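Peer 1: Below: one structure in structure tokens.
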Amino acid sequence: VPAPVAPGPAVVAATGEAAKFPAKLAVLRAGVKKGRLDVLAEITGRASGKVRVTFIAGGRRTSFDAPIREGRIRIDRRLSRVQSRRGTGIVEIDYGGNDRTRRDDVRLRAADGKARLARKVAAMEDGQLLVSGTISRRARGVVRIRADYVGPGGTLEQAHLRASISRGKWSVRSPLKPGMAAGVQLSIQFTGDGRRGIRGEQDAKQVLPG
């Protein structure tokens with residue numbers, strides 16, 4: 001009689017938003033130039049339709065839709081004098097998702113100064129998630145990292161990490177949560193610095209085991 005075979009680990013199928021592809025929303029630039037809102041963002045080629053954009057400045061909110069074209073979102077919109085006067089403000093981009101792509105959103109500052117956010121390392125090592133990179137030496141505060149992954153129940157889970165900025169560098173190391181070892185989708189964001197006139201920037205990266 002053959003020896004009994006020990007059961008392997010249970011495989012949990014992803015459900016709902018977790019079963020879709022990540023939107024991979026990334027903001028390359030966001031500024032106010034000559035009275036116009038200038039934004040360039042990237043998104044997965046599977047995304048379709050439009051995003052909802054809101055610009056907040058001068059005590060006012062202006063909302064409008066912007067189309068997704070070939071994995072890019074380009075915004076060049078004239079602002080009122082009240083909103084363009086300071087040359088900065090908050091931009092919100094909300095993508096509602098489709099039948100193949102998860103919803104995603106971002107909120108950051110539009111300004112002239114470049115953050116120069118750059119990811120150098122995004123990996124799993126010794127049961128931990130390691131993410132690090134560089135940024136303008138003028139930047140202060142933290143880089144915020146959102147890690148999306150499929151949890152043990154098959155649903156989309158999120159972990160939120162903060163990497164302190166020091167002399168143009170940032171880094172964070174965190175233990176892997178159950179389900180992360182199969183892969184995570186990172187959203188890496190510096191929200192901006194209004195005092196120093198530095199814009200917000202956002203990067204996206206998938207991290208797989210091995």
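Residues are named by chain letter and number: chains run A, B, ... in the order of the structure tokens, numbers start at 1 in each chain, and ligands are numbered from 1 in the order shown.
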Can you pull out every residue from segment 6-199 of chain A that DSSP, working from the backbone, puts in alpha helix (DSSP H), and format the result as a PyMOL selection string?

Peer 2: chain A and resi 81-84

Peer 1: Show me, as JSON, numbers by chain, the residues that have an atom within 8 Å of segment 158-172 of chain A when counting only C-alpha atoms, minus same-chain residues fewer than 2 positions from it.

Peer 2: {"A": [130, 131, 132, 133, 134, 135, 136, 137, 138, 139, 140, 141, 142, 143, 144, 145, 146, 147, 148, 149, 156, 174]}

Peer 1: For the selection you just gave me, I'd like the residues written to a file as a PDB file, in the first residue's frame, keeping N, CA, C and O atoms.

Peer 2:
ATOM      1  N   LEU A 130      11.553  44.855   0.685  1.00  0.00           N
ATOM      2  CA  LEU A 130      12.519  45.946   0.723  1.00  0.00           C
ATOM      3  C   LEU A 130      12.277  46.874  -0.460  1.00  0.00           C
ATOM      4  O   LEU A 130      12.244  46.428  -1.608  1.00  0.00           O
ATOM      5  N   VAL A 131      12.076  48.159  -0.182  1.00  0.00           N
ATOM      6  CA  VAL A 131      11.876  49.153  -1.232  1.00  0.00           C
ATOM      7  C   VAL A 131      12.739  50.362  -0.889  1.00  0.00           C
ATOM      8  O   VAL A 131      12.684  50.872   0.235  1.00  0.00           O
ATOM      9  N   SER A 132      13.524  50.838  -1.850  1.00  0.00           N
ATOM     10  CA  SER A 132      14.385  51.993  -1.593  1.00  0.00           C
ATOM     11  C   SER A 132      14.639  52.751  -2.885  1.00  0.00           C
ATOM     12  O   SER A 132      14.418  52.243  -3.987  1.00  0.00           O
ATOM     13  N   GLY A 133      15.111  53.994  -2.737  1.00  0.00           N
ATOM     14  CA  GLY A 133      15.385  54.801  -3.904  1.00  0.00           C
ATOM     15  C   GLY A 133      15.948  56.151  -3.539  1.00  0.00           C
ATOM     16  O   GLY A 133      16.429  56.372  -2.422  1.00  0.00           O
ATOM     17  N   THR A 134      15.857  57.066  -4.485  1.00  0.00           N
ATOM     18  CA  THR A 134      16.393  58.411  -4.295  1.00  0.00           C
ATOM     19  C   THR A 134      15.337  59.458  -4.632  1.00  0.00           C
ATOM     20  O   THR A 134      14.303  59.141  -5.234  1.00  0.00           O
ATOM     21  N   ILE A 135      15.624  60.700  -4.252  1.00  0.00           N
ATOM     22  CA  ILE A 135      14.710  61.806  -4.485  1.00  0.00           C
ATOM     23  C   ILE A 135      15.533  63.104  -4.392  1.00  0.00           C
ATOM     24  O   ILE A 135      16.687  63.072  -3.941  1.00  0.00           O
ATOM     25  N   SER A 136      14.973  64.202  -4.812  1.00  0.00           N
ATOM     26  CA  SER A 136      15.670  65.491  -4.707  1.00  0.00           C
ATOM     27  C   SER A 136      16.156  65.725  -3.278  1.00  0.00           C
ATOM     28  O   SER A 136      15.441  65.455  -2.315  1.00  0.00           O
ATOM     29  N   ARG A 137      17.362  66.237  -3.147  1.00  0.00           N
ATOM     30  CA  ARG A 137      17.898  66.504  -1.820  1.00  0.00           C
ATOM     31  C   ARG A 137      17.143  67.630  -1.118  1.00  0.00           C
ATOM     32  O   ARG A 137      17.279  67.815   0.092  1.00  0.00           O
ATOM     33  N   ARG A 138      16.337  68.381  -1.851  1.00  0.00           N
ATOM     34  CA  ARG A 138      15.523  69.428  -1.248  1.00  0.00           C
ATOM     35  C   ARG A 138      14.246  68.874  -0.619  1.00  0.00           C
ATOM     36  O   ARG A 138      13.596  69.562   0.163  1.00  0.00           O
ATOM     37  N   ALA A 139      13.878  67.662  -0.992  1.00  0.00           N
ATOM     38  CA  ALA A 139      12.618  67.073  -0.516  1.00  0.00           C
ATOM     39  C   ALA A 139      12.721  66.702   0.961  1.00  0.00           C
ATOM     40  O   ALA A 139      13.768  66.252   1.435  1.00  0.00           O
ATOM     41  N   ARG A 140      11.609  66.873   1.672  1.00  0.00           N
ATOM     42  CA  ARG A 140      11.524  66.512   3.082  1.00  0.00           C
ATOM     43  C   ARG A 140      10.288  65.641   3.293  1.00  0.00           C
ATOM     44  O   ARG A 140       9.381  65.608   2.474  1.00  0.00           O
ATOM     45  N   GLY A 141      10.265  64.933   4.423  1.00  0.00           N
ATOM     46  CA  GLY A 141       9.079  64.140   4.750  1.00  0.00           C
ATOM     47  C   GLY A 141       9.278  62.663   4.474  1.00  0.00           C
ATOM     48  O   GLY A 141      10.308  62.076   4.838  1.00  0.00           O
ATOM     49  N   VAL A 142       8.301  62.045   3.822  1.00  0.00           N
ATOM     50  CA  VAL A 142       8.332  60.599   3.607  1.00  0.00           C
ATOM     51  C   VAL A 142       7.900  60.259   2.182  1.00  0.00           C
ATOM     52  O   VAL A 142       7.220  61.035   1.518  1.00  0.00           O
ATOM     53  N   VAL A 143       8.313  59.085   1.743  1.00  0.00           N
ATOM     54  CA  VAL A 143       7.781  58.454   0.539  1.00  0.00           C
ATOM     55  C   VAL A 143       6.773  57.412   1.008  1.00  0.00           C
ATOM     56  O   VAL A 143       7.087  56.587   1.870  1.00  0.00           O
ATOM     57  N   ARG A 144       5.566  57.486   0.469  1.00  0.00           N
ATOM     58  CA  ARG A 144       4.500  56.566   0.883  1.00  0.00           C
ATOM     59  C   ARG A 144       4.420  55.400  -0.100  1.00  0.00           C
ATOM     60  O   ARG A 144       4.427  55.606  -1.315  1.00  0.00           O
ATOM     61  N   ILE A 145       4.328  54.195   0.437  1.00  0.00           N
ATOM     62  CA  ILE A 145       4.303  52.993  -0.393  1.00  0.00           C
ATOM     63  C   ILE A 145       3.059  52.184  -0.056  1.00  0.00           C
ATOM     64  O   ILE A 145       2.833  51.823   1.107  1.00  0.00           O
ATOM     65  N   ARG A 146       2.262  51.917  -1.082  1.00  0.00           N
ATOM     66  CA  ARG A 146       1.090  51.052  -0.921  1.00  0.00           C
ATOM     67  C   ARG A 146       1.381  49.732  -1.630  1.00  0.00           C
ATOM     68  O   ARG A 146       1.741  49.721  -2.801  1.00  0.00           O
ATOM     69  N   ALA A 147       1.236  48.640  -0.901  1.00  0.00           N
ATOM     70  CA  ALA A 147       1.471  47.314  -1.458  1.00  0.00           C
ATOM     71  C   ALA A 147       0.139  46.577  -1.575  1.00  0.00           C
ATOM     72  O   ALA A 147      -0.498  46.285  -0.563  1.00  0.00           O
ATOM     73  N   ASP A 148      -0.288  46.291  -2.801  1.00  0.00           N
ATOM     74  CA  ASP A 148      -1.510  45.531  -3.051  1.00  0.00           C
ATOM     75  C   ASP A 148      -1.143  44.058  -3.253  1.00  0.00           C
ATOM     76  O   ASP A 148      -0.186  43.748  -3.981  1.00  0.00           O
ATOM     77  N   TYR A 149      -1.916  43.162  -2.641  1.00  0.00           N
ATOM     78  CA  TYR A 149      -1.639  41.733  -2.785  1.00  0.00           C
ATOM     79  C   TYR A 149      -2.917  40.937  -2.514  1.00  0.00           C
ATOM     80  O   TYR A 149      -3.899  41.460  -1.957  1.00  0.00           O
ATOM     81  N   LEU A 156      -8.488  41.307  -2.364  1.00  0.00           N
ATOM     82  CA  LEU A 156      -7.408  42.275  -2.473  1.00  0.00           C
ATOM     83  C   LEU A 156      -7.127  42.900  -1.110  1.00  0.00           C
ATOM     84  O   LEU A 156      -8.026  43.422  -0.457  1.00  0.00           O
ATOM     85  N   SER A 174      10.006  45.797   5.517  1.00  0.00           N
ATOM     86  CA  SER A 174       8.860  45.373   6.318  1.00  0.00           C
ATOM     87  C   SER A 174       8.621  43.878   6.146  1.00  0.00           C
ATOM     88  O   SER A 174       8.753  43.355   5.026  1.00  0.00           O
TER      89      SER A 174
END

Peer 1: Compare A:Ala13, A:Phe21, A:Val82, A:Asn98 by their minimum atom-to-atom distance to Val51 of chain A, counting only C-alpha atoms, and give me the closest one.

Peer 2: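 Residue with the minimum atom-to-atom distance to Val51 of chain A: A:Asn98.
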
Peer 1: Quick check for you: according to DSSP on this backbone, which residues of segment 1-208 of chain A are classed as strand (DSSP E)? Reply as a ChimeraX atom specification.

Peer 2: /A:26-33,36-42,50-57,60-67,72-78,89-95,104-110,118-125,128-134,142-150,156-166,169-175,184-190,201-207

Peer 1: Which residues come within 12 Å of Arg60 of chain A, counting only C-alpha atoms, excluding same-chain residues fewer than 5 positions away, as a list in words?

Peer 2: Thr54, Phe55, Leu79, Ser80, Arg81, Val82, Gln83, Ser84, Gly89 and Ile90 of chain A

Peer 1: Can you pull out the residues contacting segment 105-117 of chain A? Cut-off 9 Å, using only C-alpha atoms, and skip same-chain residues under 4 positions away; I want them as a PyMOL selection string.

Peer 2: chain A and resi 25-27+29-33+37-39+55+87-96+133-139+143+188-194+196-203

Peer 1: Given the choices A:Gly71, A:Gly16, A:Gly183, A:Pro175, which gets closest to Gly45 of chain A if the distance is worked out from only C-alpha atoms?

Peer 2: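 Looking at the shortest contact to Gly45 of chain A, the residue is A:Gly71.
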
Peer 1: Considering only C-alpha atoms, state which residue in the set A:Arg173, A:Ala47, A:Met180, A:Glu157 is at the smallest distance from Arg100 of chain A.

Peer 2: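 For Arg100 of chain A, the nearest of the given residues is A:Ala47.
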
Peer 1: I'd like the interatomic distance between atom CA of Val184 of chain A and atom CA of Asp99 of chain A, to a tenth of an Å.

Peer 2: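 Distance reported for this atom pair: 20.4 Å.
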
Peer 1: Tell me, in Å to one decimal, how far atom CA of Gly127 of chain A is from atom CA of Val207 of chain A.

Peer 2: 13.3 Å
